[in-house]
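Novice: Here it is, the structure, as structure tokens.
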Amino acid sequence: MKTWIEKQKALIDFTLASLARRKIKNLGLLLVYTLIVFLLASVMLFTHALRKEAGKVLENSPEVIVQRLVAGRHDLIPPGYLEKIGRIRGVQKKEGRLWGYYYDGVLKANYTFMVPQPDALMAVESGKIAVGATMARMRGLVPGNTISFRSYSGKLFSFEVSSVLPNKSELVSADLVLLSEADFRAFFELPPGYYNDIVLSVANPLEVRNIATKLSTLLPDSRPILREEVLRTYESIFNWREGIVLVLLSGAILAFAIFAWEKASGLSAEEKREIGILKAIGWETGDVIKMKFWEGALVSLAAFLLGYIAAYLHVFRFSSWLFEPVLKGWAVLYPRFELTPEVDGFQVATLFLFTVFPYAVATIVPIWRAAITDPDAVMRG
Amino acid sequence: MIEVSEVRKAFNQGRHNEYWALKGISLTIEAKKVTALCGPSGSGKTTLLTIIGCLARPTSGRVRLKERDISGLPERFLTDIRRSTFGFVFQQFNLIKGLSALDNVMLPAYPLGGDWRALRARAESLLDSLGLAHRREARVEWLSGGEQQRVAIARALVNDPEVLIADEPTANLDTALSKEFLAILEALAEQGRTVLLTSHDPLVVEAAVIDSVIDMRDGQIVGIR
């Protein structure tokens, strides 16, 4: 065992000396390789953390949302629907929600106007609003400021900003404006008793599907939307966006990969000569391959670690500025927030397998070919 | 110590450019003696040296090392014998550029996995004995021809082989450096090392340190002195 360790130490020692001799080639290789790992790891870390974040935000959302449809389009819930639902067993709590979109010509962006739930922590008094952090930043709003919006009927409404929503909810509250029910109904001219949709809390999660079936029978013109369906939609949207980014990057990654492969697998005449010398002075084919394996392993491991750490910092410290516009946010207002660091072991393993392994093969195959040549070639210069 | 019988070696066998470098060589190399293979270029000296030194296998014939037939052994065993029994000094020295003299000397011992400090001490003492103590950390490409050859000799001796094989050792040296090499050769002979070398340099072939000279021409032995 000791001999084996001493041998590996000696081989690594020689490998390091060998790498240092071809500084420019190896540094270039390390740089390109690190960049590939960085790009791939950034996309992976970012979408994974984003999915987790969205999941966490939706954890507290209602189990069922009921929307009324007219001609297949979402329409207002008329008075009397809330009372009808109340008779379904298993429904713990039911509330009508009020929300709508408003186009702001100043920012050329849509805001989401919403009335907070009665039991929400964020209650808003009449004449006041609470705004999302992105919107506050873009419009330069701080609590105490007044802002005016012209309603769709042409009337001007002024509101005082009572608070700015916390940053941690920025993913979903970037463009949000919270206002009181009375103000909302006045602004959008919505008669009393009408709602945009109804949210239901269900005590037993196993009952959710049954309640959805009962709702469809009771209110045939409505459709129940389950929380798990919303989560699935988020999931598929993030997957789709991840795919788009990877497709966009694939050209660049492929070019880099070909460059790295070419650099790693191409043996210079000098390297071939050296392999001949090593064999002639008593190295076995296996020793030469082991030495080159260490060379590949050191370069690719270093690149993997550097690339992964850089990606981690890029995603969790520098807000993924490289692909923020593609991957984050729904509206024109892009949220700015820091993701909670999330590392998935399986993803790390996959990335490792797809980056380090091909590199090791790329370096070993040509070495093996050169190393099985007869050592007497070196005698002949 | 080494017996060669009826050794023949062909290159590109079966092709239109087939060439027989050795055409039935038989000889005995005695232990603790200095033997020189002498002849013009193309006479088969280097080919014979590669076969004796386990760098290549004969096409036919046998090579015995201490009564053991080594001509048909697989590469793995040949490598084992090569690094335990033979040390090589090549005509072009074949040092690895970019590495220091000391690193080059230590290279043949790396795959053996011995104690690194002991190996370093051995390499340093070999360089000392060859008058290169002050150049041990210098990169080999910065050394003069004579210094490079001494590094190559130290490298050949680092695994303490019984036989030292040198191919045209003075081909790249001037007279003064060739004499220096002969002095080293004398010291090795005094230590009781078996030396086999090729040369067509009269300065070497006629030197007192050479015990026997085998003359070769066209892949055959034409005389033994």
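Ordered as shown in the structure tokens, chains take letters A, B, and onward, while each chain numbers its residues from 1 and ligands are numbered from 1 in the order shown.
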Give me the residues within 6 Å of range 288-299 of chain A as a PDB file with N, CA and C atoms, in the first residue's frame, counting only C-alpha atoms and dropping any in the same chain fewer than 5 places off.
Specialist:
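After the write, out.pdb holds the following:
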ATOM      1  N   LEU A  11       4.060  10.094  -9.245  1.00  0.00           N
ATOM      2  CA  LEU A  11       3.431  10.378 -10.543  1.00  0.00           C
ATOM      3  C   LEU A  11       2.778  11.757 -10.538  1.00  0.00           C
ATOM      4  N   THR A  15       3.583  14.892 -12.748  1.00  0.00           N
ATOM      5  CA  THR A  15       2.498  15.494 -13.524  1.00  0.00           C
ATOM      6  C   THR A  15       2.446  17.003 -13.315  1.00  0.00           C
ATOM      7  N   ALA A 360     -11.404  13.150 -19.245  1.00  0.00           N
ATOM      8  CA  ALA A 360     -10.466  12.079 -18.905  1.00  0.00           C
ATOM      9  C   ALA A 360     -10.292  11.150 -20.104  1.00  0.00           C
TER      10      ALA A 360
END
Novice: If you run DSSP over the backbone, which residues in range 7-169 of chain B end up alpha helix (DSSP H)? Put them as an NGL selection string.
Specialist: :B and (45-52 or 75-85 or 101-106 or 116-129 or 145-157)
Novice: Restricted to C-alpha atoms, what would the selected residues look like written as a compact mmCIF listing (two decimals), in the first residue's frame?
Specialist:
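New file part_28.txt:
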# COMPACT_ATOMS: atom_id res chain seq x y z
CA LYS B 45 24.79 -2.01 -33.66
CA THR B 46 21.86 -0.04 -32.27
CA THR B 47 19.33 -2.74 -33.20
CA LEU B 48 21.38 -5.32 -31.31
CA LEU B 49 21.63 -2.96 -28.36
CA THR B 50 17.82 -2.51 -28.25
CA ILE B 51 17.31 -6.27 -28.30
CA ILE B 52 19.84 -6.94 -25.54
CA GLU B 75 6.18 -6.31 -22.55
CA ARG B 76 5.32 -6.08 -18.86
CA PHE B 77 8.10 -8.50 -17.89
CA LEU B 78 10.54 -6.93 -20.31
CA THR B 79 9.89 -3.54 -18.68
CA ASP B 80 10.56 -5.07 -15.27
CA ILE B 81 13.87 -6.54 -16.43
CA ARG B 82 14.75 -3.36 -18.27
CA ARG B 83 14.42 -1.13 -15.25
CA SER B 84 16.04 -3.48 -12.78
CA THR B 85 18.93 -4.69 -14.94
CA ALA B 101 18.74 17.82 -13.96
CA LEU B 102 17.72 16.30 -10.61
CA ASP B 103 14.14 15.58 -11.76
CA ASN B 104 15.47 13.92 -14.90
CA VAL B 105 17.76 11.69 -12.86
CA MET B 106 14.91 10.66 -10.56
CA TRP B 116 11.03 9.82 -2.28
CA ARG B 117 13.63 11.29 0.08
CA ALA B 118 15.96 8.32 -0.30
CA LEU B 119 15.56 8.57 -4.08
CA ARG B 120 16.37 12.27 -4.04
CA ALA B 121 19.45 11.65 -1.90
CA ARG B 122 20.60 8.94 -4.31
CA ALA B 123 20.06 11.18 -7.33
CA GLU B 124 21.93 14.04 -5.66
CA SER B 125 24.87 11.83 -4.77
CA LEU B 126 25.05 10.52 -8.36
CA LEU B 127 25.08 14.07 -9.71
CA ASP B 128 27.75 14.96 -7.10
CA SER B 129 29.92 12.04 -8.15
CA GLY B 145 26.47 18.78 -24.17
CA GLY B 146 28.93 17.23 -21.71
CA GLU B 147 26.76 18.13 -18.74
CA GLN B 148 23.69 16.72 -20.45
CA GLN B 149 25.51 13.46 -21.02
CA ARG B 150 26.53 13.25 -17.38
CA VAL B 151 22.90 13.83 -16.38
CA ALA B 152 21.94 11.01 -18.76
CA ILE B 153 24.56 8.75 -17.14
CA ALA B 154 23.30 9.61 -13.66
CA ARG B 155 19.74 8.84 -14.82
CA ALA B 156 20.92 5.49 -16.20
CA LEU B 157 22.48 4.62 -12.84
Novice: Residues within 6 Å of Gly39 in chain B, please, as a list in words. Count only C-alpha atoms; anything in the same chain fewer than 4 positions from it doesn't count.
Specialist: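 Returned residues: Ser43, His200, Asp215, Met216 and Arg217 of chain B.
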Novice: Create the file for the chosen residues now, containing all heavy atoms and written as a PDB file, in the first residue's frame.
Specialist:
ATOM      1  N   SER B  43      25.111  -0.919 -39.620  1.00  0.00           N
ATOM      2  CA  SER B  43      25.675  -2.255 -39.432  1.00  0.00           C
ATOM      3  C   SER B  43      24.837  -3.085 -38.456  1.00  0.00           C
ATOM      4  O   SER B  43      25.060  -4.275 -38.306  1.00  0.00           O
ATOM      5  CB  SER B  43      27.124  -2.149 -38.949  1.00  0.00           C
ATOM      6  OG  SER B  43      27.161  -1.427 -37.735  1.00  0.00           O
ATOM      7  N   HIS B 200      31.664   4.118 -33.234  1.00  0.00           N
ATOM      8  CA  HIS B 200      32.638   3.960 -34.307  1.00  0.00           C
ATOM      9  C   HIS B 200      33.735   5.015 -34.161  1.00  0.00           C
ATOM     10  O   HIS B 200      34.426   5.356 -35.093  1.00  0.00           O
ATOM     11  CB  HIS B 200      31.977   3.973 -35.699  1.00  0.00           C
ATOM     12  CG  HIS B 200      31.133   5.177 -35.964  1.00  0.00           C
ATOM     13  ND1 HIS B 200      29.765   5.099 -35.980  1.00  0.00           N
ATOM     14  CD2 HIS B 200      31.440   6.460 -36.210  1.00  0.00           C
ATOM     15  CE1 HIS B 200      29.271   6.300 -36.230  1.00  0.00           C
ATOM     16  NE2 HIS B 200      30.285   7.150 -36.369  1.00  0.00           N
ATOM     17  N   ASP B 215      33.243  -6.297 -33.892  1.00  0.00           N
ATOM     18  CA  ASP B 215      33.075  -5.549 -35.137  1.00  0.00           C
ATOM     19  C   ASP B 215      31.875  -6.077 -35.902  1.00  0.00           C
ATOM     20  O   ASP B 215      31.693  -7.298 -36.039  1.00  0.00           O
ATOM     21  CB  ASP B 215      34.345  -5.704 -36.008  1.00  0.00           C
ATOM     22  CG  ASP B 215      35.514  -4.921 -35.410  1.00  0.00           C
ATOM     23  OD1 ASP B 215      35.315  -3.719 -35.137  1.00  0.00           O
ATOM     24  OD2 ASP B 215      36.576  -5.525 -35.180  1.00  0.00           O
ATOM     25  N   MET B 216      31.068  -5.155 -36.385  1.00  0.00           N
ATOM     26  CA  MET B 216      29.859  -5.551 -37.116  1.00  0.00           C
ATOM     27  C   MET B 216      29.816  -4.873 -38.478  1.00  0.00           C
ATOM     28  O   MET B 216      30.333  -3.772 -38.655  1.00  0.00           O
ATOM     29  CB  MET B 216      28.606  -5.152 -36.321  1.00  0.00           C
ATOM     30  CG  MET B 216      28.438  -5.928 -35.044  1.00  0.00           C
ATOM     31  SD  MET B 216      26.933  -5.475 -34.174  1.00  0.00           S
ATOM     32  CE  MET B 216      25.686  -6.128 -35.262  1.00  0.00           C
ATOM     33  N   ARG B 217      29.162  -5.528 -39.395  1.00  0.00           N
ATOM     34  CA  ARG B 217      28.919  -4.937 -40.717  1.00  0.00           C
ATOM     35  C   ARG B 217      27.722  -5.652 -41.341  1.00  0.00           C
ATOM     36  O   ARG B 217      27.612  -6.864 -41.261  1.00  0.00           O
ATOM     37  CB  ARG B 217      30.175  -5.097 -41.601  1.00  0.00           C
ATOM     38  CG  ARG B 217      30.059  -4.417 -42.967  1.00  0.00           C
ATOM     39  CD  ARG B 217      31.389  -4.445 -43.700  1.00  0.00           C
ATOM     40  NE  ARG B 217      32.299  -3.428 -43.175  1.00  0.00           N
ATOM     41  CZ  ARG B 217      32.345  -2.154 -43.624  1.00  0.00           C
ATOM     42  NH1 ARG B 217      31.533  -1.764 -44.569  1.00  0.00           N
ATOM     43  NH2 ARG B 217      33.209  -1.302 -43.119  1.00  0.00           N
TER      44      ARG B 217
END
Novice: At a cut-off of 8 Å, list the chain A residues touching chain B, using only C-alpha atoms, as a list in words.
Specialist: Thr3, Trp4, Ile5, Glu6, Lys7, Gln8, Ala10, Leu11, Ala17, Ser18, Arg21, Glu274, Ile277, Leu278, Ala280, Ile281, Gly282, Trp283, Glu284, Asp287, Asp374, Pro375, Asp376, Val378, Met379 and Gly381 of chain A
Novice: Could you give me, as a count of residues only, the residues within 10 Å of range 93-103 of chain A, counting only C-alpha atoms and dropping anything in the same chain fewer than 4 positions from it?
Specialist: 49
Novice: Just how far from CA of Ala302 in chain A is CA of Gly251 in chain A, in Å to one decimal?
Specialist: 23.9 Å
Novice: Which is closer to Ile70 in chain B than all the others in B:Glu3, B:Arg15, B:Lys32, B:Ala176, using only C-alpha atoms?
Specialist: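 The answer is B:Glu3, which sits nearest to Ile70 in chain B.
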Novice: Closest to Gly192 in chain B among B:Ala10, B:Val34, B:Ile29, B:Ala171, using only C-alpha atoms?
Specialist: B:Val34
Novice: Return the single residue from B:Val158, B:Leu196, B:Leu203, B:Ile25 that is closest to Leu177 in chain B, with distances computed using only C-alpha atoms.
Specialist: B:Leu203
Novice: Where does DSSP see strand (DSSP E or B) in range 11-218 of chain B, if you list the residues as a VMD selection string?
Specialist: chain B and resid 11 19 to 29 34 to 38 60 to 65 68 to 69 86 to 89 100 139 163 to 167 194 to 199 212 to 217
